[in-house]
Amino acid sequence: MKILVITDLYPIKEDEKHTPRTIQNFVKNWQNLGHEVKIIKPNFLLNSFLRGKPYYPNGIYGNIENINFFFPFWGNIKTSFTPDIVIAHMPSGILYADKLGLPFCAAVHASDLEVLTNPLYRMHFKPRLEKAYKNAVKIACRSYVLKEKFLKLYPEFEEKTFIAPSGINGAMQRTWSNNEKIKVLTCGQFIKRKNIDKVITACEKMDNIELTVIGSGKERLEKLSSKAIFTGQLSHEQVLEKMRESDIFILPSKNETFGMVYLEAMASGCITVCREGDGIDGIIKDGFNGFLTENIEETLNKILIYPDKNQILQNTYNTVSELTEEKVAINYLKSLQ
């Protein structure tokens, strides 16, 4: 199959620090399966500058064509590549795909819902996105939660909407440690929607918990605790090492598209907690392979007294074993048929 991917959420070089690798992982696995894949990256210069992303001149970088634009969602893209399907991620990718006159799949991220519902964007961009969703042959929601939210807005698209979660490779089986101090880990940028401050405040009240906080940002969270261990920013491999040393991973973040960090924690053998109705809710099933939280302290106490934590860990391992990068990439393409 010939596949054209259109998205600004794609790294041009491997050493880029602030560009997620999730779509790139899909592409690599499709290529490994024998599919021919090309990528067009529509890059809005002001947005890249504000987010501190690296600048690349217009041009071809391997199988990626970078096209810089001064204004969001304006203009057209052209391609000499004739794909069987176009897969478009992010609002920019979807709007450009809709102009090509080719069969395309629109992938819904949290940013799409922001464009559809935020008064700042919806007056101009909402009608164009709605037109694109109508024209799309399929709609891929990046999580169960996003699918539920999207179909509340557009129930008429239910028959062509499916879930396209991220995948991970390598999972470890662990048993509950039963240490005197339970090692709890949270990780993320120190920004309000991550709710790391609430994790710190809850753990500060609990004597049998040792909390480690990974990350940095504008919020000054160190003042909230005299007990928590603040590591600062760590490399990806160092984060995984900390996960393998921890018993519980918790991040009650809001407005997550998916949250690879949760899958990584599950694959590292942590009992993993996310916010109810957000992110990876739907893959994490409360009391089965992890926990959903609205009240952090109550949830942590619930885990500590849970009678069979090893069964939770076994169910966690079984879940992530079915979410390998190769399996989710295969299922993505099967869902397009």
# chains A, B, ... in the order shown; residues from 1 in each chain; ligands from 1

call {"tool": "residues_around", "arguments": {"residues": "Asn295 in chain A", "least_positions_apart": "6", "cutoff": "12 Å", "atoms": "only C-alpha atoms", "output": "list in words"}}
result
Asn195, Lys198, Val199, Thr201, Ala202, Cys203, Ile250, Leu251, Pro252, Val273, Cys274, Arg275, Glu276, Asn301 and Lys302 of chain A

call {"tool": "residues_around", "arguments": {"residues": "Leu116 in chain A", "least_positions_apart": "5", "cutoff": "9 Å", "atoms": "only C-alpha atoms", "output": "VMD selection string"}}
result
chain A and resid 111 121 to 123 125 to 127 129 to 130

call {"tool": "closest_residue", "arguments": {"among": "A:Ile85, A:Ile163, A:Ile196, A:Ile303", "to": "Phe150 in chain A", "atoms": "only C-alpha atoms"}}
result
A:Ile163

call {"tool": "select_by_dssp", "arguments": {"residues": "range 12-67 of chain A", "states": "strand (DSSP E or B)", "output": "PyMOL selection string"}}
result
chain A and resi 36-44+59-61+64-67

call {"tool": "residues_around", "arguments": {"residues": "Ile182 in chain A", "least_positions_apart": "4", "cutoff": "9 Å", "atoms": "only C-alpha atoms", "output": "number ranges by chain"}}
result
A: 177-178, 208-211, 246-248, 304

call {"tool": "residues_around", "arguments": {"residues": "Thr82 in chain A", "least_positions_apart": "5", "cutoff": "9 Å", "atoms": "only C-alpha atoms", "output": "JSON, numbers by chain"}}
result
{"A": [2, 3, 4, 102]}

call {"tool": "write_last_selection", "arguments": {"atoms": "C-alpha atoms", "output": "short mmCIF file (atom, residue, chain, number, x, y, z; two decimals), in the first residue's frame"}}
result
data_model
loop_
_atom_site.label_atom_id
_atom_site.label_comp_id
_atom_site.auth_asym_id
_atom_site.auth_seq_id
_atom_site.Cartn_x
_atom_site.Cartn_y
_atom_site.Cartn_z
CA LYS A 2 1.11 3.56 -0.71
CA ILE A 3 0.48 5.87 2.24
CA LEU A 4 0.85 9.65 2.45
CA LEU A 102 -7.79 11.91 -2.46
#

call {"tool": "select_by_dssp", "arguments": {"residues": "range 258-296 of chain A", "states": "helix (DSSP H, G or I)", "output": "list in words"}}
result
Met260, Val261, Tyr262, Leu263, Glu264, Ala265, Met266, Ala267 and Ile296 of chain A

call {"tool": "write_last_selection", "arguments": {"atoms": "N, CA and C atoms", "output": "PDB file, in the first residue's frame"}}
result
ATOM      1  N   MET A 260       1.683   8.672  26.163  1.00  0.00           N
ATOM      2  CA  MET A 260       2.603   7.543  26.076  1.00  0.00           C
ATOM      3  C   MET A 260       3.231   7.206  27.418  1.00  0.00           C
ATOM      4  N   VAL A 261       3.364   8.211  28.279  1.00  0.00           N
ATOM      5  CA  VAL A 261       4.012   7.988  29.570  1.00  0.00           C
ATOM      6  C   VAL A 261       3.253   6.942  30.388  1.00  0.00           C
ATOM      7  N   TYR A 262       1.934   6.860  30.218  1.00  0.00           N
ATOM      8  CA  TYR A 262       1.152   5.853  30.949  1.00  0.00           C
ATOM      9  C   TYR A 262       1.483   4.448  30.443  1.00  0.00           C
ATOM     10  N   LEU A 263       1.547   4.288  29.121  1.00  0.00           N
ATOM     11  CA  LEU A 263       1.907   2.976  28.564  1.00  0.00           C
ATOM     12  C   LEU A 263       3.300   2.569  29.017  1.00  0.00           C
ATOM     13  N   GLU A 264       4.224   3.537  29.030  1.00  0.00           N
ATOM     14  CA  GLU A 264       5.597   3.235  29.456  1.00  0.00           C
ATOM     15  C   GLU A 264       5.619   2.797  30.918  1.00  0.00           C
ATOM     16  N   ALA A 265       4.807   3.442  31.746  1.00  0.00           N
ATOM     17  CA  ALA A 265       4.746   3.050  33.157  1.00  0.00           C
ATOM     18  C   ALA A 265       4.156   1.650  33.310  1.00  0.00           C
ATOM     19  N   MET A 266       3.094   1.367  32.548  1.00  0.00           N
ATOM     20  CA  MET A 266       2.493   0.031  32.598  1.00  0.00           C
ATOM     21  C   MET A 266       3.494  -1.018  32.138  1.00  0.00           C
ATOM     22  N   ALA A 267       4.210  -0.717  31.049  1.00  0.00           N
ATOM     23  CA  ALA A 267       5.197  -1.661  30.525  1.00  0.00           C
ATOM     24  C   ALA A 267       6.376  -1.840  31.469  1.00  0.00           C
ATOM     25  N   ILE A 296      -7.019  11.937  44.481  1.00  0.00           N
ATOM     26  CA  ILE A 296      -5.730  11.239  44.459  1.00  0.00           C
ATOM     27  C   ILE A 296      -5.463  10.496  45.756  1.00  0.00           C
TER      28      ILE A 296
END

call {"tool": "closest_residue", "arguments": {"among": "A:Val239, A:Ile284, A:Ala164, A:Ala136", "to": "Ile214 in chain A", "atoms": "only C-alpha atoms"}}
result
A:Val239

call {"tool": "atom_distance", "arguments": {"atom1": "CA of Phe104 in chain A", "atom2": "CA of Gly277 in chain A"}}
result
28.6 Å

call {"tool": "closest_residue", "arguments": {"among": "A:Pro103, A:Pro119, A:His236, A:Trp176", "to": "Asn310 in chain A", "atoms": "only C-alpha atoms"}}
result
A:Trp176

call {"tool": "atom_distance", "arguments": {"atom1": "CA of Cys141 in chain A", "atom2": "CA of Lys13 in chain A"}}
result
26.4 Å

call {"tool": "closest_residue", "arguments": {"among": "A:Gly232, A:Pro54, A:Pro42, A:Gly290", "to": "Asn68 in chain A", "atoms": "only C-alpha atoms"}}
result
A:Pro42

call {"tool": "closest_residue", "arguments": {"among": "A:Pro91, A:Ile330, A:Phe69, A:Val86", "to": "Gly34 in chain A", "atoms": "only C-alpha atoms"}}
result
A:Ile330

call {"tool": "atom_distance", "arguments": {"atom1": "CA of Leu221 in chain A", "atom2": "CA of Asp197 in chain A"}}
result
6.3 Å

call {"tool": "closest_residue", "arguments": {"among": "A:Ile94, A:Val5, A:Leu313, A:Met206", "to": "Lys227 in chain A", "atoms": "only C-alpha atoms"}}
result
A:Met206

call {"tool": "residues_around", "arguments": {"residues": "Gly170 in chain A", "least_positions_apart": "3", "cutoff": "12 Å", "atoms": "only C-alpha atoms", "output": "PyMOL selection string"}}
result
chain A and resi 167+173+240+263-269+317-318+320-326

call {"tool": "write_last_selection", "arguments": {"atoms": "C-alpha atoms", "output": "mmCIF file, in the first residue's frame"}}
result
data_model
loop_
_atom_site.group_PDB
_atom_site.id
_atom_site.type_symbol
_atom_site.label_atom_id
_atom_site.label_comp_id
_atom_site.auth_asym_id
_atom_site.auth_seq_id
_atom_site.Cartn_x
_atom_site.Cartn_y
_atom_site.Cartn_z
ATOM 1 C CA GLY A 167 1.910 1.211 20.974
ATOM 2 C CA GLN A 173 6.393 -8.664 34.523
ATOM 3 C CA LEU A 240 12.188 4.441 32.304
ATOM 4 C CA LEU A 263 1.907 2.976 28.564
ATOM 5 C CA GLU A 264 5.597 3.235 29.456
ATOM 6 C CA ALA A 265 4.746 3.050 33.157
ATOM 7 C CA MET A 266 2.493 0.031 32.598
ATOM 8 C CA ALA A 267 5.197 -1.661 30.525
ATOM 9 C CA SER A 268 7.687 -0.946 33.328
ATOM 10 C CA GLY A 269 5.560 -2.858 35.811
ATOM 11 C CA TYR A 317 1.286 -6.918 31.530
ATOM 12 C CA ASN A 318 -1.372 -8.673 29.445
ATOM 13 C CA VAL A 320 0.513 -3.783 27.131
ATOM 14 C CA SER A 321 1.539 -7.064 25.477
ATOM 15 C CA GLU A 322 -1.396 -6.520 23.084
ATOM 16 C CA LEU A 323 -0.366 -2.918 22.435
ATOM 17 C CA THR A 324 2.964 -3.412 20.718
ATOM 18 C CA GLU A 325 3.966 -0.875 18.075
ATOM 19 C CA GLU A 326 3.605 -3.495 15.340
#

call {"tool": "residues_around", "arguments": {"residues": "Glu219 in chain A", "least_positions_apart": "6", "cutoff": "12 Å", "atoms": "only C-alpha atoms", "output": "ChimeraX atom specification"}}
result
/A:188-197

call {"tool": "residues_around", "arguments": {"residues": "Asn289 in chain A", "least_positions_apart": "6", "cutoff": "7 Å", "atoms": "only C-alpha atoms", "output": "list in words"}}
result
Ile312, Leu313, Asn315 and Thr316 of chain A
